[in-house]
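Asks: What follows is a single structure, and I will ask about it in a moment.
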Amino acid sequence: MRSSPHRLRTLRTLRALSGALLTALATVAALLVATSPAQADTVVCEQFGSTVIQGRYVVQNNRWGTSATQCVTATDTGFRVTQADGSVPTNGAPKSYPSVFNGCHYTNCSPGTKLPAQLSTISSAPSSISYGYVSGAVYNASYDIWLDPTPRTDGVNRTEIMIWFNRVGPVQPIGSQVGTASVGGRSWEVWTGSNGSNDVISFVAPSAISSWSFDVMDFVDQTVARGMAQNNWYLTSIQAGFEPWQNGAGLAVHSFSSAVNTGGGSPGGPGSPAAACQVTYDANVWGDGFTADVTVKNTGSAAVDGWKLGFTLPSGQRITNAWNATLSGTSGAVTASPAAHNARIAAGGTQTFGFQGTHSGAFAEPAGFTLDGTACSVA
């Protein structure tokens with residue numbers, strides 16, 4: 001059937017208008033990007049220094065095996081190694097483990113984390129990573145996943161799972177290769193051993209993987225099946241970064257994500273609505289001290305059990321004591337966990353906790369809060 005000249009003219013007019021509209025929208029979007037203020041990157045050079053990104057993950061320098069200078073620059077979505085001096089023998093331990101993590105590492109817990117969590121309660125733990133590699137260095141790019149019989153947030157755990165996405169140079173995992181396995185739809189070399197402090201199982205990719213989305217629990221299940229952990233143990237931390245032996249400047253995690261879904265689904269996960277919350281932060285400040293009363297309101301339609309509130313204290317502030325909650329740290333990224341009597345926040349209900357601390361310089365309140373990983377509004 002042929003179209004009339006009038007219909008063809010109408011279609012041409014609509015196409016022209018649509019094209020003009022798309023061009024205008026693209027121009028507006030470009031202007032918005034150009035005029036939006038950029039968030040400054042944070043440089044961390046302290047040996048065990050750290051900072052928070054995305055309000056939910058911790059980037060750590062973690063220079064534990066050398067006295068040489070190392071600096072990492074935390075970005076909006078990950079980090080890059082900007083200085084990595086010196087080298088150590090390739091037949092021994094690496095220089096460091098610059099990394100980003102969800103969970104707890106030597107009492108430093110990421111804001112709003114659901115870890116530690118008992119393995120039997122975790123339905124899935126999706127994670128994704130995008131790595132940037134360099135030449136002229138000896139290193140691995142690896143995940144570190146920590147398991148322990150107890151829900152500890154400090155020190156070394158009983159079993160360490162490593163996932164080697166890439167290895168460059170004459171380095172190998174702890175122990176010896178005990179076989180191969182198919183995990184997450186990929187083939188891996190499997191190595192097991194002990195470093196004297198904890199057991200280690202390593203899954204080594206036969207060729208470099210630059211990016212991947214997967215379920216951490218696939219590797220945990222393999223570890224349990226091999227008798228190196230039990231289902232009543234706890235997952236305490238999910239970390240991703242690099243172990244450099246020589247050099248390493250330029251190595252980068254372009255992006256990282258990690259979630260832990262428990263029971264019928266975590267907030268935001270399958271089978272459960274996202275947590276909805278509002279936080280009231282009431283501070284009383286004097287001299288170099290302050291107290292803060294924090295009220296968490298559940299604005300959702302379902303009760304929240306065993307809640308965890310994450311926030312980051314501004315620089316110069318340190319907590320000295322707390323009530324009605326257990327706090328994961330005294331400065332920087334802090335996670336508040338409830339006491340037994342206030343572990344449930346009913347729909348529309350509130351729970352309150354507080355703490356006392358010291359501060360230096362001008363006093364400021366935390367910039368934001370997350371309840372079980374979901375951002376809250378601030379009253």
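Labeling convention for the structure tokens: chains A, B, ... as they appear, residues from 1 per chain, ligands from 1 in order of appearance.
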I want to know what sits within 7 Å of range 205-220 of chain A, based on only C-alpha atoms, with residues of the same chain fewer than 5 positions away left out; could you give that as a ChimeraX atom specification?

Replies: /A:124-131,164-166,183-184,187-189

Asks: With all heavy atoms retained, export the selected residues as a short mmCIF file (atom, residue, chain, number, x, y, z; two decimals), in the first residue's frame.

Replies:
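Just written: selection.cif:
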data_model
loop_
_atom_site.label_atom_id
_atom_site.label_comp_id
_atom_site.auth_asym_id
_atom_site.auth_seq_id
_atom_site.Cartn_x
_atom_site.Cartn_y
_atom_site.Cartn_z
N SER A 124 23.04 -15.35 48.55
CA SER A 124 23.95 -15.01 47.46
C SER A 124 24.80 -13.82 47.91
O SER A 124 24.43 -13.08 48.82
CB SER A 124 23.19 -14.65 46.18
OG SER A 124 22.38 -13.50 46.38
N ALA A 125 25.93 -13.65 47.24
CA ALA A 125 26.82 -12.53 47.52
C ALA A 125 27.39 -12.02 46.20
O ALA A 125 28.57 -12.24 45.88
CB ALA A 125 27.94 -12.95 48.48
N PRO A 126 26.56 -11.35 45.40
CA PRO A 126 27.01 -10.90 44.08
C PRO A 126 28.09 -9.82 44.18
O PRO A 126 28.03 -8.94 45.04
CB PRO A 126 25.73 -10.34 43.45
CG PRO A 126 24.85 -9.98 44.60
CD PRO A 126 25.16 -10.98 45.67
N SER A 127 29.08 -9.92 43.31
CA SER A 127 30.15 -8.94 43.26
C SER A 127 30.57 -8.72 41.82
O SER A 127 30.40 -9.61 40.97
CB SER A 127 31.35 -9.40 44.09
OG SER A 127 32.35 -8.40 44.17
N SER A 128 31.10 -7.54 41.53
CA SER A 128 31.63 -7.26 40.20
C SER A 128 32.89 -6.43 40.34
O SER A 128 33.08 -5.70 41.31
CB SER A 128 30.59 -6.53 39.34
OG SER A 128 30.31 -5.25 39.87
N ILE A 129 33.76 -6.55 39.34
CA ILE A 129 35.07 -5.88 39.38
C ILE A 129 35.49 -5.53 37.97
O ILE A 129 35.18 -6.25 37.01
CB ILE A 129 36.13 -6.80 40.05
CG1 ILE A 129 37.45 -6.06 40.30
CG2 ILE A 129 36.36 -8.04 39.21
CD1 ILE A 129 37.46 -5.22 41.52
N SER A 130 36.18 -4.40 37.83
CA SER A 130 36.85 -4.04 36.59
C SER A 130 38.26 -3.60 36.96
O SER A 130 38.44 -2.63 37.70
CB SER A 130 36.11 -2.92 35.86
OG SER A 130 36.83 -2.49 34.72
N TYR A 131 39.26 -4.33 36.44
CA TYR A 131 40.66 -4.09 36.79
C TYR A 131 41.38 -3.32 35.68
O TYR A 131 41.03 -3.42 34.50
CB TYR A 131 41.39 -5.42 36.97
CG TYR A 131 41.28 -6.06 38.34
CD1 TYR A 131 40.68 -7.30 38.50
CD2 TYR A 131 41.82 -5.44 39.46
CE1 TYR A 131 40.61 -7.91 39.75
CE2 TYR A 131 41.75 -6.04 40.71
CZ TYR A 131 41.15 -7.27 40.84
OH TYR A 131 41.08 -7.87 42.09
N TRP A 164 42.65 -15.35 42.07
CA TRP A 164 43.64 -14.65 41.27
C TRP A 164 43.08 -14.40 39.87
O TRP A 164 42.97 -15.32 39.06
CB TRP A 164 44.93 -15.47 41.18
CG TRP A 164 45.75 -15.50 42.44
CD1 TRP A 164 45.30 -15.54 43.72
CD2 TRP A 164 47.18 -15.51 42.52
NE1 TRP A 164 46.35 -15.57 44.60
CE2 TRP A 164 47.52 -15.55 43.90
CE3 TRP A 164 48.20 -15.49 41.59
CZ2 TRP A 164 48.83 -15.57 44.35
CZ3 TRP A 164 49.52 -15.52 42.03
CH2 TRP A 164 49.83 -15.56 43.39
N PHE A 165 42.76 -13.15 39.58
CA PHE A 165 42.27 -12.77 38.25
C PHE A 165 43.43 -12.64 37.25
O PHE A 165 43.24 -12.80 36.04
CB PHE A 165 41.52 -11.44 38.32
CG PHE A 165 40.11 -11.55 38.81
CD1 PHE A 165 39.81 -12.12 40.04
CD2 PHE A 165 39.07 -11.06 38.05
CE1 PHE A 165 38.51 -12.21 40.49
CE2 PHE A 165 37.76 -11.14 38.49
CZ PHE A 165 37.47 -11.71 39.71
N ASN A 166 44.62 -12.33 37.77
CA ASN A 166 45.77 -12.15 36.89
C ASN A 166 47.04 -12.31 37.73
O ASN A 166 47.05 -11.98 38.91
CB ASN A 166 45.74 -10.75 36.27
CG ASN A 166 46.78 -10.58 35.17
OD1 ASN A 166 47.32 -11.55 34.64
ND2 ASN A 166 47.07 -9.33 34.81
N VAL A 183 34.35 -23.15 38.59
CA VAL A 183 33.60 -22.32 39.52
C VAL A 183 33.08 -21.09 38.77
O VAL A 183 33.85 -20.42 38.08
CB VAL A 183 34.46 -21.86 40.72
CG1 VAL A 183 33.60 -21.15 41.76
CG2 VAL A 183 35.19 -23.04 41.34
N GLY A 184 31.80 -20.81 38.91
CA GLY A 184 31.23 -19.65 38.25
C GLY A 184 31.30 -19.71 36.74
O GLY A 184 31.34 -18.67 36.07
N SER A 187 37.20 -22.10 34.49
CA SER A 187 38.14 -23.10 34.98
C SER A 187 39.23 -22.41 35.79
O SER A 187 39.70 -21.32 35.44
CB SER A 187 38.78 -23.85 33.80
OG SER A 187 37.78 -24.59 33.10
N TRP A 188 39.65 -23.07 36.89
CA TRP A 188 40.63 -22.50 37.80
C TRP A 188 41.61 -23.57 38.25
O TRP A 188 41.23 -24.72 38.44
CB TRP A 188 39.96 -21.94 39.05
CG TRP A 188 38.85 -20.97 38.78
CD1 TRP A 188 37.55 -21.28 38.52
CD2 TRP A 188 38.95 -19.55 38.72
NE1 TRP A 188 36.82 -20.13 38.31
CE2 TRP A 188 37.65 -19.05 38.43
CE3 TRP A 188 40.00 -18.65 38.91
CZ2 TRP A 188 37.40 -17.69 38.30
CZ3 TRP A 188 39.74 -17.30 38.80
CH2 TRP A 188 38.45 -16.83 38.49
N GLU A 189 42.90 -23.17 38.43
CA GLU A 189 43.81 -23.98 39.20
C GLU A 189 43.44 -23.82 40.67
O GLU A 189 43.07 -22.73 41.11
CB GLU A 189 45.26 -23.50 39.02
CG GLU A 189 45.80 -23.58 37.61
CD GLU A 189 47.19 -22.96 37.51
OE1 GLU A 189 47.74 -22.57 38.57
OE2 GLU A 189 47.70 -22.85 36.39
#

Asks: Excluding range 231-234 of chain A and its own-chain neighbours fewer than 3 positions away, which residues fall within 9 Å of it when counting only C-alpha atoms? Please give them as a VMD selection string.

Replies: chain A and resid 115 to 121 146 to 152 221 224

Asks: Selection from above, N, CA and C atoms, as a compact mmCIF listing (two decimals), in the first residue's frame, can you write it?

Replies:
# COMPACT_ATOMS: atom_id res chain seq x y z
N LEU A 115 28.13 -7.77 57.00
CA LEU A 115 29.12 -8.73 57.46
C LEU A 115 29.65 -8.33 58.84
N PRO A 116 30.00 -9.31 59.66
CA PRO A 116 29.97 -10.76 59.43
C PRO A 116 28.55 -11.33 59.31
N ALA A 117 28.42 -12.36 58.50
CA ALA A 117 27.15 -13.07 58.34
C ALA A 117 27.44 -14.57 58.27
N GLN A 118 26.59 -15.36 58.94
CA GLN A 118 26.79 -16.81 58.95
C GLN A 118 26.53 -17.37 57.55
N LEU A 119 27.39 -18.27 57.11
CA LEU A 119 27.31 -18.78 55.75
C LEU A 119 25.95 -19.40 55.45
N SER A 120 25.39 -20.11 56.43
CA SER A 120 24.11 -20.80 56.20
C SER A 120 22.96 -19.83 55.97
N THR A 121 23.13 -18.56 56.32
CA THR A 121 22.06 -17.57 56.14
C THR A 121 22.20 -16.77 54.85
N TRP A 146 37.35 -13.70 53.43
CA TRP A 146 37.76 -14.19 54.74
C TRP A 146 36.62 -14.89 55.47
N LEU A 147 36.93 -16.07 56.05
CA LEU A 147 35.95 -16.88 56.78
C LEU A 147 36.49 -17.21 58.17
N ASP A 148 35.58 -17.27 59.14
CA ASP A 148 36.00 -17.58 60.51
C ASP A 148 34.87 -18.32 61.24
N PRO A 149 35.20 -19.18 62.21
CA PRO A 149 34.14 -19.85 62.99
C PRO A 149 33.33 -18.89 63.85
N THR A 150 33.85 -17.68 64.08
CA THR A 150 33.16 -16.69 64.91
C THR A 150 32.94 -15.41 64.10
N PRO A 151 31.97 -14.58 64.51
CA PRO A 151 31.70 -13.33 63.78
C PRO A 151 32.68 -12.22 64.16
N ARG A 152 33.95 -12.51 64.05
CA ARG A 152 34.95 -11.55 64.50
C ARG A 152 35.14 -10.44 63.48
N ASP A 221 31.30 -22.04 48.67
CA ASP A 221 30.77 -23.42 48.65
C ASP A 221 31.86 -24.42 48.30
N VAL A 224 33.96 -24.92 51.45
CA VAL A 224 33.28 -25.78 52.41
C VAL A 224 33.34 -27.23 51.95

Asks: Which one of A:Gly179, A:Gly241, A:Gly349, A:Gly248 sits closest to Ala303 in chain A if you count only C-alpha atoms?

Replies: A:Gly349

Asks: Interatomic distance between CA of Gly361 in chain A and CA of Cys71 in chain A?

Replies: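 Spanning CA of Gly361 in chain A to CA of Cys71 in chain A is a straight-line distance of 26.0 Å.
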
Asks: Distance table requested - range 144-190 of chain A against range 91-110 of chain A, cut-off 7 Å, only C-alpha atoms: one row per qualifying residue with the closest atom pair and its distance in Å to one decimal, ordered by chain and rising residue number, as CSV.

Replies:
residue,atom,partner,partner_atom,distance
A:Thr153,CA,A:Thr107,CA,5.1
A:Asp154,CA,A:Tyr106,CA,4.0
A:Gly155,CA,A:Tyr106,CA,5.0
A:Val171,CA,A:Asn91,CA,6.8

Asks: Limited to C-alpha atoms, could you put the picked residues into a file as a CSV table (one decimal), in the first residue's frame?

Replies:
chain,number,residue,atom,x,y,z
A,153,THR,CA,35.7,-8.1,63.1
A,154,ASP,CA,39.4,-8.0,64.2
A,155,GLY,CA,42.6,-9.8,63.4
A,171,VAL,CA,54.9,-15.6,41.7
